[in-house]
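Participant: entry32.csv is the file, holding CSV, C-alpha atoms:
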```
chain,number,residue,atom,x,y,z
A,1,TRP,CA,6.2,5.5,-17.2
A,2,ASN,CA,2.9,4.2,-18.7
A,3,THR,CA,3.5,0.6,-17.5
A,4,ILE,CA,4.3,1.7,-14.0
A,5,MET,CA,1.3,4.0,-13.8
A,6,ASN,CA,-1.0,1.3,-15.3
A,7,VAL,CA,0.1,-1.3,-12.7
A,8,ASN,CA,0.4,0.9,-9.6
A,9,ALA,CA,-2.3,3.6,-10.1
A,10,ARG,CA,-4.8,2.8,-12.9
A,11,ALA,CA,-5.3,-0.9,-12.1
A,12,PRO,CA,-6.2,-0.3,-8.4
A,13,PHE,CA,-8.5,2.5,-9.4
A,14,PHE,CA,-10.5,0.3,-11.9
A,15,LEU,CA,-10.4,-2.8,-9.6
A,16,CYS,CA,-11.9,-0.8,-6.7
A,17,GLN,CA,-14.6,0.6,-9.0
A,18,SER,CA,-15.4,-2.8,-10.2
A,19,ALA,CA,-15.5,-4.4,-6.8
A,20,ILE,CA,-18.0,-1.9,-5.2
A,21,PRO,CA,-21.1,-4.0,-6.0
A,22,TRP,CA,-19.6,-7.1,-4.4
A,23,LEU,CA,-18.2,-5.2,-1.5
A,24,LYS,CA,-21.6,-3.7,-0.7
A,25,LYS,CA,-22.9,-7.2,-0.2
A,26,SER,CA,-20.0,-8.3,2.0
A,27,PRO,CA,-20.4,-8.4,5.8
A,28,ALA,CA,-17.0,-6.7,6.3
A,29,PRO,CA,-16.1,-4.9,3.1
A,30,THR,CA,-12.4,-4.1,3.2
A,31,ILE,CA,-9.8,-3.0,0.6
A,32,ILE,CA,-6.1,-3.0,1.4
A,33,GLN,CA,-3.8,-1.2,-1.0
A,34,ILE,CA,-0.1,-1.8,-1.1
A,35,ALA,CA,1.6,1.5,-1.6
A,36,SER,CA,5.3,2.2,-0.7
A,37,VAL,CA,7.4,4.5,1.4
A,38,VAL,CA,8.6,5.8,-2.0
A,39,GLY,CA,5.1,7.3,-2.4
A,40,HIS,CA,5.7,9.5,0.6
A,41,ASN,CA,9.4,10.2,0.1
A,42,GLY,CA,10.9,10.8,-3.3
A,43,TYR,CA,14.0,8.7,-4.1
A,44,GLU,CA,16.6,9.3,-6.7
A,45,LEU,CA,16.0,7.3,-10.0
A,46,GLN,CA,12.5,6.3,-8.8
A,47,SER,CA,10.4,9.2,-10.0
A,48,ALA,CA,7.8,7.2,-12.0
A,49,TYR,CA,7.5,4.6,-9.2
A,50,SER,CA,7.2,7.4,-6.6
A,51,ALA,CA,4.5,9.2,-8.7
A,52,SER,CA,2.5,6.0,-9.2
A,53,LYS,CA,2.5,5.1,-5.4
A,54,HIS,CA,1.7,8.8,-4.5
A,55,ALA,CA,-1.2,8.6,-6.9
A,56,LEU,CA,-2.4,5.3,-5.3
A,57,ILE,CA,-2.2,6.9,-1.8
A,58,GLY,CA,-4.1,10.0,-3.0
A,59,PHE,CA,-6.8,7.9,-4.7
A,60,THR,CA,-7.2,5.7,-1.7
A,61,LYS,CA,-7.7,8.7,0.6
A,62,ALA,CA,-10.4,10.2,-1.7
A,63,PHE,CA,-12.1,6.9,-2.5
A,64,ALA,CA,-12.3,6.0,1.2
A,65,LYS,CA,-14.5,9.1,1.7
A,66,GLU,CA,-16.6,8.2,-1.3
A,67,VAL,CA,-17.5,4.7,0.0
A,68,GLN,CA,-17.6,5.4,3.7
A,69,GLN,CA,-21.4,5.6,3.8
A,70,ASP,CA,-21.4,1.9,2.6
A,71,ASP,CA,-19.1,0.9,5.5
A,72,ILE,CA,-16.4,0.0,3.0
A,73,ARG,CA,-13.0,0.4,4.8
A,74,ILE,CA,-9.9,1.2,2.8
A,75,TYR,CA,-6.4,1.0,4.1
A,76,THR,CA,-2.9,1.5,2.7
A,77,ILE,CA,0.2,-0.2,3.7
A,78,SER,CA,3.4,1.5,2.7
A,79,PRO,CA,6.4,-0.8,3.2
A,80,GLY,CA,10.0,0.1,2.7
A,81,GLY,CA,12.3,-2.4,1.0
A,82,VAL,CA,10.7,-5.8,1.3
A,83,SER,CA,12.8,-8.9,0.7
A,84,THR,CA,11.6,-10.0,-2.7
A,85,GLU,CA,13.2,-10.8,-6.0
A,86,MET,CA,12.0,-7.5,-7.4
A,87,ILE,CA,13.8,-5.4,-4.8
A,88,GLU,CA,17.0,-7.4,-5.2
A,89,SER,CA,17.0,-6.7,-8.9
A,90,VAL,CA,16.0,-3.0,-8.7
A,91,ARG,CA,18.0,-2.1,-5.5
A,92,PRO,CA,21.0,-4.4,-5.3
A,93,ASP,CA,22.7,-1.8,-3.1
A,94,LEU,CA,20.4,-2.5,-0.2
A,95,GLU,CA,21.7,-4.8,2.6
A,96,THR,CA,19.4,-7.8,2.5
A,97,GLN,CA,19.5,-8.3,6.2
A,98,THR,CA,17.7,-4.9,6.6
A,99,LEU,CA,14.9,-5.7,4.3
A,100,ILE,CA,11.4,-6.3,5.6
A,101,ASP,CA,10.2,-10.0,5.7
A,102,PRO,CA,7.1,-10.4,3.5
A,103,GLU,CA,5.5,-12.2,6.5
A,104,ALA,CA,5.5,-8.9,8.3
A,105,ILE,CA,3.2,-7.5,5.6
A,106,SER,CA,0.9,-10.5,5.7
A,107,SER,CA,0.8,-10.3,9.5
A,108,LEU,CA,-0.2,-6.6,9.2
A,109,ILE,CA,-2.9,-7.5,6.7
A,110,TRP,CA,-4.2,-10.2,9.1
A,111,PHE,CA,-4.3,-7.6,11.9
A,112,ILE,CA,-6.3,-5.2,9.7
A,113,LEU,CA,-8.8,-7.8,8.8
A,114,THR,CA,-9.3,-9.2,12.3
A,115,ASN,CA,-9.4,-5.8,14.1
A,116,ARG,CA,-11.8,-4.0,11.7
A,117,ASP,CA,-14.4,-3.3,14.3
A,118,SER,CA,-12.0,-2.3,17.1
A,119,ALA,CA,-9.8,0.2,15.5
A,120,MET,CA,-9.8,2.7,12.6
A,121,ILE,CA,-6.3,3.0,11.2
A,122,ASP,CA,-6.1,4.4,7.7
A,123,HIS,CA,-2.5,4.0,6.8
A,124,PHE,CA,0.5,1.9,7.9
A,125,LYS,CA,4.0,2.8,7.0
A,126,LEU,CA,6.7,0.2,7.6
A,127,ARG,CA,10.3,1.0,7.1
A,128,ARG,CA,13.2,-1.4,6.8
A,129,VAL,CA,15.7,-1.6,9.6
A,130,SER,CA,17.8,1.6,9.5
A,131,LYS,CA,20.0,3.8,11.5
A,132,GLU,CA,17.6,6.7,10.7
A,133,ALA,CA,14.6,7.4,12.9
A,134,TRP,CA,11.4,8.8,11.3
A,135,ASN,CA,12.4,9.0,7.7
```
Kindly return the structure encoded in the file as structure tokens.
Facilitator:
Amino acid sequence: WNTIMNVNARAPFFLCQSAIPWLKKSPAPTIIQIASVVGHNGYELQSAYSASKHALIGFTKAFAKEVQQDDIRIYTISPGGVSTEMIESVRPDLETQTLIDPEAISSLIWFILTNRDSAMIDHFKLRRVSKEAWN
């Protein structure tokens, strides 16, 4: 529990707080948090991870309001299962062909950074290929 909360909730909180002086000097101050669909939907045997990602999403929403006057934009990306070594070890039951390619996440980050002035989208939720619509 503590390790998961430290990595997924506490570290982003302290990093954001520490980055504020530098972000205020930036021409396009942007923070992108990587959350998870698990932070929106509880999943069996993932309660600590779910709580940590839910905390990250909640913190990001509140912090965005706190730094808005400094034109600091904060976004969250909540991917579903991404094709990484971690997901393969934690969720070997998932079909690998349905997992999200990490390049899809990097493309989304690029989109956020290059469209900062033309769109205000707070949160992105990407799900792996599934037979279920709108999970």
Participant: Leaving out range 28-31 of chain A and any residue of its chain fewer than 4 positions from it, which residues lie within 6 Å of it when counting only C-alpha atoms, given as a short mmCIF file (atom, residue, chain, number, x, y, z; two decimals) with C-alpha atoms, in the frame of the given file?
Facilitator:
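This went into around-v6.cif:
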```
data_model
loop_
_atom_site.label_atom_id
_atom_site.label_comp_id
_atom_site.auth_asym_id
_atom_site.auth_seq_id
_atom_site.Cartn_x
_atom_site.Cartn_y
_atom_site.Cartn_z
CA LEU A 23 -18.20 -5.20 -1.50
CA ILE A 72 -16.40 0.00 3.00
CA ARG A 73 -13.00 0.40 4.80
CA ILE A 74 -9.90 1.20 2.80
#
```
Participant: For CA of Phe14 in chain A and CA of His54 in chain A, quote the distance in Å rounded to one decimal.
Facilitator: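 Between CA of Phe14 in chain A and CA of His54 in chain A the gap works out to 16.6 Å.
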Participant: Find the distance between CA of Leu56 in chain A and CA of Leu126 in chain A and write it in Å to one decimal.
Facilitator: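 Distance between the two atoms: 16.6 Å.
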Participant: Go ahead and compute the interatomic distance for CA of Val67 in chain A and CA of Ile105 in chain A, in Å to one decimal.
Facilitator: 24.7 Å
Participant: Which residue is closest to Arg127 in chain A? Choose from A:Gln68, A:Asn41, A:Ser47, A:Ser52 and count all atoms listed in the file.
Facilitator: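 For Arg127 in chain A, the nearest of the given residues is A:Asn41.
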Participant: Taking into account all atoms listed in the file, which residue in the set A:Ile32, A:Lys53, A:Lys24, A:His123 is nearest to Ala9 in chain A?
Facilitator: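 Using all atoms listed in the file, Ala9 in chain A sits closest to A:Lys53.
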Participant: For Pro12 in chain A, list every protein, DNA or RNA residue within 10 Å, evaluated using only C-alpha atoms, and leave out those in the same chain fewer than 3 positions away; present the list as number ranges by chain.
Facilitator: A: 6-9, 15-18, 33-34, 56, 59-60
Participant: Give as a list of chain:residue names each residue that has an atom at most 9 Å from (3.4, -2.4, 4.9) in the file, counting only C-alpha atoms.
Facilitator: A:Ile34, A:Ala35, A:Ser36, A:Val37, A:Thr76, A:Ile77, A:Ser78, A:Pro79, A:Gly80, A:Val82, A:Ile100, A:Pro102, A:Ala104, A:Ile105, A:Ser106, A:Leu108, A:Ile109, A:His123, A:Phe124, A:Lys125, A:Leu126, A:Arg127
Participant: Nearest to Arg91 in chain A among A:Asn2, A:Leu45, A:Val129, A:Pro27, with distances taken over only C-alpha atoms: which residue is it?
Facilitator: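 The closest residue to Arg91 in chain A is A:Leu45.
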Participant: Select, from A:Gly58, A:Pro21, A:Ser26, A:Thr98, the residue with the minimum atom-to-atom distance to Gly39 in chain A, counting all atoms listed in the file.
Facilitator: A:Gly58
Participant: For Met5 in chain A, find every residue with an atom within 8 Å (counting only C-alpha atoms), except residues of its own chain fewer than 6 positions away, and show them as a ChimeraX atom specification.
Facilitator: /A:48-49,51-52
